[in-house]
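> Here it is: the structure, laid out below.
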Amino acid sequence: MEILQWIIDNILTQASVIIGLVALLGLALQKKPINEIISGTLKTMLGFLVLSAGSSVMQTSLTYFGDMFNQAFGFNGMSAVVASIEGINGQAMTDLGLGSEIAICLAGIFIVNIILARFTPFKYVFLTGQALLWESTLCVVFAWFCGLRGIPLILIASIVGGAFATLMPAFAQPVVRKITESDDIALGHFCTFGYMFTALIATITKKLAGGHESQSTEELELPQSLSFMQDSYLAVMVVMIPFYLIIAGFAGPEAAADYAGDVNYMVYAFLQAMQFVVGLYVLLAGVRLLLAELVPAFQGISMKLVPNARPALDCPVLFTYAPNAVIIGFICTTIGSLIGMAITGFMGTLVIPGVMSNFFAGGTAGIFGNAIDGRRGAIIGGIFHGIFIMILPALLSPMLAQIGFVNMTCTDVDTVVTGFFFMAIHSILGLFGIA
Amino acid sequence: MGLFGFGKKKDKAPAAEAAAPAMNREEVLAKIEEAKAKVASLEGVARANALIELGKLHADIDQVDEAIAAYEESLELNHVMGKASSSLVKLYNKKRAQAAEAKDDEKIKYYLDKVNEMLALSKDSLRGRA
């Protein structure tokens, strides 16, 4: 009995162990040979520990950034947050101590998704691992924030996440059908509200133009020189370095003295901006390791249990249909997110754009805009998309700060909507005195 | 109403389906032979493009394996995303669904991996790395 209690207290409380056990279960269910089960389990655990290391590097840089911002502009109570769903996941899994819950909920979301796809008319199986990890994070964080713990937390978070995984591809499918000219595949990327918002704007621009669709983006010749921005890490650096430098400049050398020591305060700011990217890089390497064994296991199982389901795939599946729209959507979303940032400044929390997701989310938004109203839809829709994906996370950030996230907010908007969904249910139940 | 709707459907659908594809299939098969000859006479990117046409013809008459072979060869010759890769995603998914019906785990995994390869190709070619 004592040994069992010791195991529960000392081993099963470790998130890396729980995550390893989830992977072990997935691999065992696939009847993999024992050596593959062992190596897969160990790699998954390693992934989690790499993720934690990346998260802590990122957070050190962000703590410095937040402090400088407060010293420079904090006099009127304004704060700054960086939009990064990767960072949110890292902090939730490590500092908030929700790693085990998030890993179990990830498996729970798969199960609920399979059940819904099998027994309801929504035949969509969500196959994008990273996106599911982000969704699982937000479901667990907000269920936890609403006061749920233990098994009820896992159950509710899995049901809500599973419903999102099934319904979001269905929500986007009318436009996806138009893009792919078939009903075979679906889109599995939790930025759907942003994409459909882009499609809505494009519908409006088309109406305003008297119902005439503008020419497709694919008839344009685009310069090749834009391609350097398509490297996500480079794009993050290009954005973070100026922000860090400007804020350090305003805060002055005294503010940074405690951090920088003998190093010049501007040089220190530059190095801290690079540290942010280092953290992001390591964190995502961890996420890839963590998911490398889990996702194929679940993909195989779900496609077997629901043979007639449409696979909801990651957004590059649409890139082939309109590569120019991807570039235009990315540029316009970036412009829009800078406008959006300026707007968030007046909302009390300045949101620094998380350009990491701009390429994929912005590019896909461009395809949606183009599908409805050609290049006009891609450009105007893309700019509005950029604003939209900044305002929504800004609205959520006070709650995230209250939960304990340090200078950080979400990017992928469906996860933001998940947060709002939990808060709405919580307040409705509160009205009746239930929660 | 019901009877009317039913009768109407029966009148139209089978007649159209039975007659048209039978005619078409012959035509398409003839076109396939033409396309094969064209593929044999070409090289490089031109051959890759001819293979895409051949793949489409095979896909039109549901010769999925032949269509996949043509598109795959086209991709080998010209490794960029485009008609070949987007068609392959759909065809691989079709094969995956058949494998799932047959409960063939190996094949399910094989075709899911193939779909993932196409996604990676999309990412890489937009970033100029293909």
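Identifiers in the structure tokens: chain A, B, ... in order shown; residue index from 1 per chain; ligand index from 1 in order shown.
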Would you kindly report the residues of chain B within 12 Å of chain A, using only C-alpha atoms, as a PyMOL selection string?
chain B and resi 80-113+115-129
> Can you work out which one of A:Gly40, A:Gly252, A:Pro121, A:Gly20 has the shortest atom-to-atom distance to Ala72 (chain A), counting only C-alpha atoms?
A:Gly252
> List the spatial neighbours of Leu54 (chain B) as a list in words - criterion: any atom at most 8 Å away, only C-alpha atoms, same-chain residues fewer than 4 positions off excluded.
Ile32, Ala35, Lys36, Ala50, His58, Ala67 and Ala70 of chain B
> Ser158 (chain A): which residues within 9 Å, counting only C-alpha atoms, same-chain residues fewer than 2 positions away excluded, as a PyMOL selection string?
chain A and resi 104-112+136+139-140+153-156+160-163
> Do a neighbour search on Met240 (chain A) at 12 Å with only C-alpha atoms, toss out local chain neighbours closer than 3 positions, and write the hits as a PyMOL selection string.
chain A and resi 61-62+65+82-83+233-237+243-247+269-278+280+352-356
> Identify, on the basis of only C-alpha atoms, every residue whose closest approach to Val22 (chain A) does not exceed 12 Å; exclude the query and any residue fewer than 5 positions from it along the same chain; express the result as a short mmCIF file (atom, residue, chain, number, x, y, z; two decimals) with C-alpha atoms, in the first residue's frame.

```cif
data_model
loop_
_atom_site.label_atom_id
_atom_site.label_comp_id
_atom_site.auth_asym_id
_atom_site.auth_seq_id
_atom_site.Cartn_x
_atom_site.Cartn_y
_atom_site.Cartn_z
CA ALA A 15 3.27 15.56 -16.19
CA SER A 16 6.00 13.98 -18.32
CA VAL A 17 5.10 10.54 -16.93
CA LEU A 27 1.10 2.75 -29.30
CA ALA A 28 -0.12 -0.35 -27.46
CA LEU A 29 -3.60 0.05 -28.99
CA ILE A 37 6.42 1.24 -27.70
CA GLY A 40 7.91 6.11 -28.69
CA THR A 41 7.04 6.58 -25.02
CA LEU A 42 10.50 7.88 -24.16
CA THR A 44 7.17 11.68 -26.14
CA MET A 45 8.40 12.31 -22.60
CA GLY A 99 0.56 19.31 -18.37
CA SER A 100 -1.06 16.00 -17.37
CA GLU A 101 -4.59 17.31 -17.81
CA ILE A 102 -3.75 18.77 -21.23
CA ALA A 103 -2.22 15.47 -22.41
CA ILE A 104 -5.16 13.37 -21.20
CA CYS A 105 -7.61 15.89 -22.66
CA LEU A 106 -5.80 15.65 -26.02
CA ALA A 107 -6.62 11.94 -26.06
CA GLY A 108 -10.15 12.76 -24.83
CA LEU A 290 5.75 15.25 -28.22
CA LEU A 291 3.26 14.78 -31.05
CA GLU A 293 4.28 9.42 -31.80
CA LEU A 294 0.87 10.43 -30.47
CA VAL A 295 -0.66 11.85 -33.63
CA ALA A 297 -1.32 6.60 -33.56
CA PHE A 298 -4.60 8.47 -33.21
#
```
> Write out as a PDB file with N, CA and C atoms, in the first residue's frame each polymer residue whose atoms come within 6 Å of region 85-96 of chain A, counting only C-alpha atoms; drop sequence neighbours fewer than 3 positions from it.

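As written to disk, part_25.pdb reads:
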```pdb
ATOM      1  N   SER A  55       9.845  26.832 -23.113  1.00  0.00           N
ATOM      2  CA  SER A  55       8.894  27.736 -22.479  1.00  0.00           C
ATOM      3  C   SER A  55       9.592  28.612 -21.442  1.00  0.00           C
ATOM      4  N   GLY A  99       0.038  20.185 -17.316  1.00  0.00           N
ATOM      5  CA  GLY A  99       0.558  19.309 -18.367  1.00  0.00           C
ATOM      6  C   GLY A  99      -0.172  17.976 -18.466  1.00  0.00           C
ATOM      7  N   THR A 137      -5.226  22.715 -24.729  1.00  0.00           N
ATOM      8  CA  THR A 137      -4.681  23.642 -23.741  1.00  0.00           C
ATOM      9  C   THR A 137      -5.750  24.618 -23.255  1.00  0.00           C
ATOM     10  N   CYS A 410      -3.445  34.363 -26.683  1.00  0.00           N
ATOM     11  CA  CYS A 410      -3.563  33.327 -27.719  1.00  0.00           C
ATOM     12  C   CYS A 410      -3.473  33.930 -29.111  1.00  0.00           C
ATOM     13  N   THR A 411      -3.265  33.068 -30.118  1.00  0.00           N
ATOM     14  CA  THR A 411      -3.366  33.519 -31.499  1.00  0.00           C
ATOM     15  C   THR A 411      -4.535  32.836 -32.209  1.00  0.00           C
TER      16      THR A 411
END
```
